[in-house]
Amino acid sequence: MNPDRLRITAAVAVAAVFASIWFLRDVEPAPWSDAEILLLQSLWLENLPELPPDPTNAVADNPQAAAFGQQLFLDTRLSANGAVSCATCHQPARRFTDGLGKGRGIGQSKRNTPSIVGTAYSPWLYWDGRRDSQWAQALSPLEDPAEHGSDRRSVLQVVADDERYRSTYEGLFGVLPELSAADDAYIDSAFANVGKAIAAFERTVLPTASRFDEYVAAAVARDTESQQSLFSDDEVRGLRLFIGEANCMQCHNGLLFTNNEFHNTGALSAVGEVPDKGRATGLTEVMRDPFNCRGEFNDDATPICDELDFARSGPELIGAVRTPSLRNLDGTAPFMHKGQLATLAAVLEHYNEAPDAMIGHNEAEPLGLSGRELQQLEAFLGTLTAPYRSQFDSM
Amino acid sequence: MINRQIVICMACIMLLACLLPATLMAHGGVVEEDDLCIIKVNYLRAHFKIYQPRVAGHEQYCEDLPVASESVFVMEYQHDSLSSMPIDFRIIRDVTGKGRFARIEDVEGIADIDAATVFYRPAALEPDVYTVLHEFAEEGDFIGIVSATHPDTKKVYAAVFPFEVGFTGWGYWPFIIGLLIIIQFQYLFMSGRLKRWFGAAPVLACCLVLSPGVAEAEELVVTYSTPDGPVEINRMHSWVLHVATAEGEPVTGAQIEVDGGMPAHNHGLPTRPRITREIGDGDYQLDGVRFHMGGYWEIVVSVTTDAGTETIVIPLTL
């Protein structure tokens, strides 16, 4: 080859290498636009409204009831084998989850254990929304053969036989008569009271500000230096994808990163199970739950049951499950309603592909994000980790 | 002239290639229609699909399954009446000797059906969608039998679909079809036809867009106000709808239905809002309004008066 031509070729090659390094170098993320700042503020825990009142539960904000509820929450005597409490699955040290695919009480529960942090803000409980208040939810595992495996009379017997429990109960709800002589209607209302005490405790379990929230504070103040010290470039890019291109905020919106609604996102069925119908069955169940808002155990003299009155039914709900909060995902793997996906990376990969749902219709659309972008999203989700808070921190 | 003969010949081969798998599939109660696998239980139809989630993830099969594995059979009803009919589901080893051509009469002729049964789910009501799971222990030829009992007449409707587990695939067919498509494409390209068609495409698109573009003149105007503050997501709202004629005259005593959703996401509202009272002077209270995500929404208001029903769409971006 002609030496001149060789030299030119070499020069062009070197230039090309430098040009590609320049193009591919990590450009610092652009500052947030005003519209983006608004989106960030819509996720900022600083704006969390005060705990909404629960008029269906007369003792919802009673500290004695909450203290009593906490004791009940931890009490394994409220189970058929004396070994299962609420905290068996909702472990305080694991952000009130259990690290299992599906919960395990006396037997194997049907779905993944959701956290209870911040559930006071949700109109619906459970993945399929089959209960409409924290207290109605708290009752259900007590009688589930796979969970506590107990029954309402046995639960009340524990309260009646424990002197401290009995006196607290009677202080809150009135005299507890001899149970063997009590009729079913009385037992039902006393059982509802147990749920209301547990809910009074659960209401106090709330999220605290995470690194993300500090970052938003810095972004709102246009404090570039603090922003840079709080978030890595990857986390900033992940956040930008989160509020934009990755469409996460379609469902994971609001201060708790959930709209508390029901969506089919096409998760694969769990091993050995047919696909979960989700909300399609949950709605039927909540409508006939005797402890729901319309039931006789609602403490509100003039009940307002908008959620039940205006609840939507229809084919969209087939295979739809409730959007979980994205705050504090750390240590809560595996994910999805049956714990089908072992890691956050697998969850993000699933949303990136958005395959057709096995039953019903997957609402999500394929995202076409690169592997690098998925990693950035995952990095951002890590910034939502923070301890929970409760008036009863002795857990 | 020679070219034309080649084209006709090609077309015939391609048609044959396309029809062959379709005719193979069109046996028993399961058929492929417009890329959709349909099970016909007499006049009742359901979208039918089989998954092998452990080995093939979200891959759908219409009948034949590649391996013996956990298999989920799904029927999405196209007739609501299937929701109220007890359905039973049976899978038997193919003891008819008819293979793919086994029919209901052949199954009825089996003396001891229980002996041949590998899976049976007794009749049960399954609203919305029917699903069963069977883990195949071995490969081979099987027959699926779905029976639905009419709740009133007690008449039993059945569908029979023979299928193979450990299916060997289409052999060289996809390869041959692919080759034919390439040859055809090559011919079209060489003949300049492709260019002509693509050149014509934008014109065609314009015609399609323009033709239905004439909107009907609206007689009624619906406006809304939000007495309980600005519209924000994830909160239940109460709205006041004001219905007036084009001239601004309030419309009273109207029947109003409200629905809506996000056209871009193909889903409706998270709640079912409805008019809870008529305030008067053309105002109506609309309760139970909630939006669960930001973006473009449409609220569809159907107003029925003595003059008829009119549908007004209120656009809303959150």
# chains A, B, ... in the order shown; residues from 1 in each chain; ligands from 1
call {"tool": "interface_residues", "arguments": {"of": "chain A", "to": "chain B", "cutoff": "9 Å", "atoms": "only C-alpha atoms", "output": "ChimeraX atom specification"}}
result
/A:249-254,259-262,266-275,277,280-281,306-307,309-316,318,355-360,363-365
call {"tool": "atom_distance", "arguments": {"atom1": "atom CA of A:Phe73", "atom2": "atom CA of A:Cys86"}}
result
5.1 Å
call {"tool": "closest_residue", "arguments": {"among": "A:Gly101, A:Pro92, A:Pro290, A:Gly382", "to": "A:Met336", "atoms": "only C-alpha atoms"}}
result
A:Gly101
call {"tool": "residues_around", "arguments": {"residues": "B:Ile279", "least_positions_apart": "4", "cutoff": "12 Å", "atoms": "only C-alpha atoms", "output": "CSV table (one decimal) with N, CA and C atoms, in the first residue's frame"}}
result
chain,number,residue,atom,x,y,z
B,239,TRP,N,-68.5,16.3,40.1
B,239,TRP,CA,-68.6,17.3,39.0
B,239,TRP,C,-70.0,17.9,38.9
B,240,VAL,N,-70.1,19.0,38.3
B,240,VAL,CA,-71.4,19.5,37.9
B,240,VAL,C,-71.3,19.7,36.4
B,241,LEU,N,-72.2,18.9,35.7
B,241,LEU,CA,-72.3,19.0,34.2
B,241,LEU,C,-73.4,20.0,33.9
B,242,HIS,N,-73.1,20.9,32.9
B,242,HIS,CA,-74.1,21.8,32.5
B,242,HIS,C,-74.5,21.5,31.0
B,243,VAL,N,-75.7,21.2,30.8
B,243,VAL,CA,-76.2,20.8,29.5
B,243,VAL,C,-77.0,22.0,28.9
B,250,PRO,N,-80.6,26.2,28.7
B,250,PRO,CA,-80.4,25.1,29.5
B,250,PRO,C,-81.3,23.9,29.2
B,251,VAL,N,-80.8,22.7,29.3
B,251,VAL,CA,-81.6,21.5,29.0
B,251,VAL,C,-81.9,20.8,30.3
B,252,THR,N,-83.2,20.7,30.6
B,252,THR,CA,-83.5,20.0,31.9
B,252,THR,C,-84.2,18.7,31.6
B,253,GLY,N,-84.3,17.9,32.6
B,253,GLY,CA,-85.0,16.6,32.5
B,253,GLY,C,-84.3,15.6,31.6
B,254,ALA,N,-83.0,15.8,31.3
B,254,ALA,CA,-82.4,14.8,30.4
B,254,ALA,C,-81.9,13.6,31.1
B,275,ILE,N,-74.8,10.2,37.1
B,275,ILE,CA,-75.5,11.4,37.6
B,275,ILE,C,-76.3,11.0,38.8
B,283,ASP,N,-78.2,22.0,35.1
B,283,ASP,CA,-77.0,21.5,35.9
B,283,ASP,C,-77.4,20.1,36.4
B,284,TYR,N,-76.4,19.2,36.4
B,284,TYR,CA,-76.6,17.8,36.8
B,284,TYR,C,-75.3,17.5,37.7
B,285,GLN,N,-75.6,16.8,38.8
B,285,GLN,CA,-74.4,16.4,39.6
B,285,GLN,C,-73.9,15.1,39.2
B,286,LEU,N,-72.6,15.0,38.9
B,286,LEU,CA,-72.0,13.8,38.5
B,286,LEU,C,-71.0,13.3,39.6
call {"tool": "residues_around", "arguments": {"residues": "stretch 236-242 of chain A", "least_positions_apart": "5", "cutoff": "10 Å", "atoms": "only C-alpha atoms", "output": "NGL selection string"}}
result
:A and (28-32 or 36 or 40 or 212 or 215 or 227-228 or 230-231 or 247-250 or 252 or 369 or 372-381 or 383)
call {"tool": "atom_distance", "arguments": {"atom1": "atom CA of A:Cys305", "atom2": "atom CA of A:Thr265"}}
result
28.2 Å
call {"tool": "select_by_dssp", "arguments": {"residues": "stretch 46-157 of chain B", "states": "strand (DSSP E)", "output": "MDAnalysis selection string"}}
result
chainID B and resid 46:51 60:61 70:77 87:93 117:124 129:135 140:149 156:157
call {"tool": "residues_around", "arguments": {"residues": "A:Arg111", "least_positions_apart": "6", "cutoff": "9 Å", "atoms": "only C-alpha atoms", "output": "PDB file with N, CA and C atoms, in the first residue's frame"}}
result
ATOM      1  N   GLY A 101     -41.939 -16.071  47.645  1.00  0.00           N
ATOM      2  CA  GLY A 101     -42.776 -15.890  46.460  1.00  0.00           C
ATOM      3  C   GLY A 101     -44.227 -15.726  46.861  1.00  0.00           C
ATOM      4  N   LYS A 102     -44.702 -16.695  47.633  1.00  0.00           N
ATOM      5  CA  LYS A 102     -46.053 -16.616  48.175  1.00  0.00           C
ATOM      6  C   LYS A 102     -45.968 -16.764  49.693  1.00  0.00           C
ATOM      7  N   GLY A 103     -46.852 -16.070  50.387  1.00  0.00           N
ATOM      8  CA  GLY A 103     -46.820 -16.086  51.843  1.00  0.00           C
ATOM      9  C   GLY A 103     -46.945 -17.489  52.413  1.00  0.00           C
ATOM     10  N   TRP A 127     -54.102  -7.729  46.611  1.00  0.00           N
ATOM     11  CA  TRP A 127     -53.739  -7.592  45.195  1.00  0.00           C
ATOM     12  C   TRP A 127     -54.991  -7.456  44.330  1.00  0.00           C
ATOM     13  N   MET A 336     -44.081  -9.256  41.943  1.00  0.00           N
ATOM     14  CA  MET A 336     -45.361  -9.522  41.265  1.00  0.00           C
ATOM     15  C   MET A 336     -46.304 -10.291  42.219  1.00  0.00           C
ATOM     16  N   HIS A 337     -47.566 -10.407  41.784  1.00  0.00           N
ATOM     17  CA  HIS A 337     -48.590 -10.891  42.717  1.00  0.00           C
ATOM     18  C   HIS A 337     -48.399 -12.332  43.159  1.00  0.00           C
ATOM     19  N   LYS A 338     -47.612 -13.099  42.411  1.00  0.00           N
ATOM     20  CA  LYS A 338     -47.339 -14.479  42.828  1.00  0.00           C
ATOM     21  C   LYS A 338     -45.851 -14.660  43.095  1.00  0.00           C
ATOM     22  N   GLY A 339     -45.115 -13.576  43.151  1.00  0.00           N
ATOM     23  CA  GLY A 339     -43.672 -13.687  43.320  1.00  0.00           C
ATOM     24  C   GLY A 339     -43.008 -14.366  42.134  1.00  0.00           C
TER      25      GLY A 339
END
call {"tool": "atom_distance", "arguments": {"atom1": "atom CA of A:Pro207", "atom2": "atom CA of A:Pro55"}}
result
22.4 Å
call {"tool": "closest_residue", "arguments": {"among": "A:Val220, A:Leu384, A:Val175, A:Ala138", "to": "A:Lys196", "atoms": "only C-alpha atoms"}}
result
A:Ala138
call {"tool": "residues_around", "arguments": {"residues": "A:Asp75", "least_positions_apart": "6", "cutoff": "10 Å", "atoms": "only C-alpha atoms", "output": "ChimeraX atom specification"}}
result
/A:69,82-88,158
call {"tool": "closest_residue", "arguments": {"among": "A:Pro177, A:Pro3, A:Pro53, A:Gly105", "to": "A:Pro123", "atoms": "only C-alpha atoms"}}
result
A:Pro53
call {"tool": "residues_around", "arguments": {"residues": "A:Glu178", "least_positions_apart": "3", "cutoff": "10 Å", "atoms": "only C-alpha atoms", "output": "list in words"}}
result
Gln157, Ala160, Val175, Ala181 and Ala182 of chain A
call {"tool": "write_last_selection", "arguments": {"atoms": "all heavy atoms", "output": "PDB file, in the first residue's frame"}}
result
ATOM      1  N   GLN A 157     -61.804 -15.816  71.989  1.00  0.00           N
ATOM      2  CA  GLN A 157     -61.496 -16.553  73.212  1.00  0.00           C
ATOM      3  C   GLN A 157     -60.114 -16.153  73.747  1.00  0.00           C
ATOM      4  O   GLN A 157     -59.924 -16.008  74.945  1.00  0.00           O
ATOM      5  CB  GLN A 157     -61.555 -18.067  72.939  1.00  0.00           C
ATOM      6  CG  GLN A 157     -61.748 -18.917  74.192  1.00  0.00           C
ATOM      7  CD  GLN A 157     -63.056 -18.590  74.918  1.00  0.00           C
ATOM      8  OE1 GLN A 157     -64.132 -18.679  74.327  1.00  0.00           O
ATOM      9  NE2 GLN A 157     -62.975 -18.164  76.181  1.00  0.00           N
ATOM     10  N   ALA A 160     -60.569 -12.919  75.401  1.00  0.00           N
ATOM     11  CA  ALA A 160     -61.325 -13.057  76.648  1.00  0.00           C
ATOM     12  C   ALA A 160     -60.475 -13.672  77.757  1.00  0.00           C
ATOM     13  O   ALA A 160     -60.598 -13.298  78.930  1.00  0.00           O
ATOM     14  CB  ALA A 160     -62.567 -13.916  76.391  1.00  0.00           C
ATOM     15  N   VAL A 175     -68.324  -4.244  77.352  1.00  0.00           N
ATOM     16  CA  VAL A 175     -68.178  -5.546  78.010  1.00  0.00           C
ATOM     17  C   VAL A 175     -68.182  -6.702  77.005  1.00  0.00           C
ATOM     18  O   VAL A 175     -68.965  -6.723  76.045  1.00  0.00           O
ATOM     19  CB  VAL A 175     -69.322  -5.747  79.026  1.00  0.00           C
ATOM     20  CG1 VAL A 175     -69.216  -7.115  79.699  1.00  0.00           C
ATOM     21  CG2 VAL A 175     -69.290  -4.635  80.054  1.00  0.00           C
ATOM     22  N   ALA A 181     -72.080 -18.338  75.263  1.00  0.00           N
ATOM     23  CA  ALA A 181     -73.507 -18.004  75.248  1.00  0.00           C
ATOM     24  C   ALA A 181     -73.850 -16.958  74.185  1.00  0.00           C
ATOM     25  O   ALA A 181     -75.022 -16.732  73.890  1.00  0.00           O
ATOM     26  CB  ALA A 181     -73.922 -17.493  76.620  1.00  0.00           C
ATOM     27  N   ALA A 182     -72.806 -16.327  73.615  1.00  0.00           N
ATOM     28  CA  ALA A 182     -73.069 -15.221  72.682  1.00  0.00           C
ATOM     29  C   ALA A 182     -73.561 -15.744  71.341  1.00  0.00           C
ATOM     30  O   ALA A 182     -73.122 -16.800  70.876  1.00  0.00           O
ATOM     31  CB  ALA A 182     -71.794 -14.412  72.484  1.00  0.00           C
TER      32      ALA A 182
END
call {"tool": "closest_residue", "arguments": {"among": "A:Thr56, A:Arg322, A:Tyr169, A:Gly368", "to": "A:Glu296", "atoms": "only C-alpha atoms"}}
result
A:Thr56
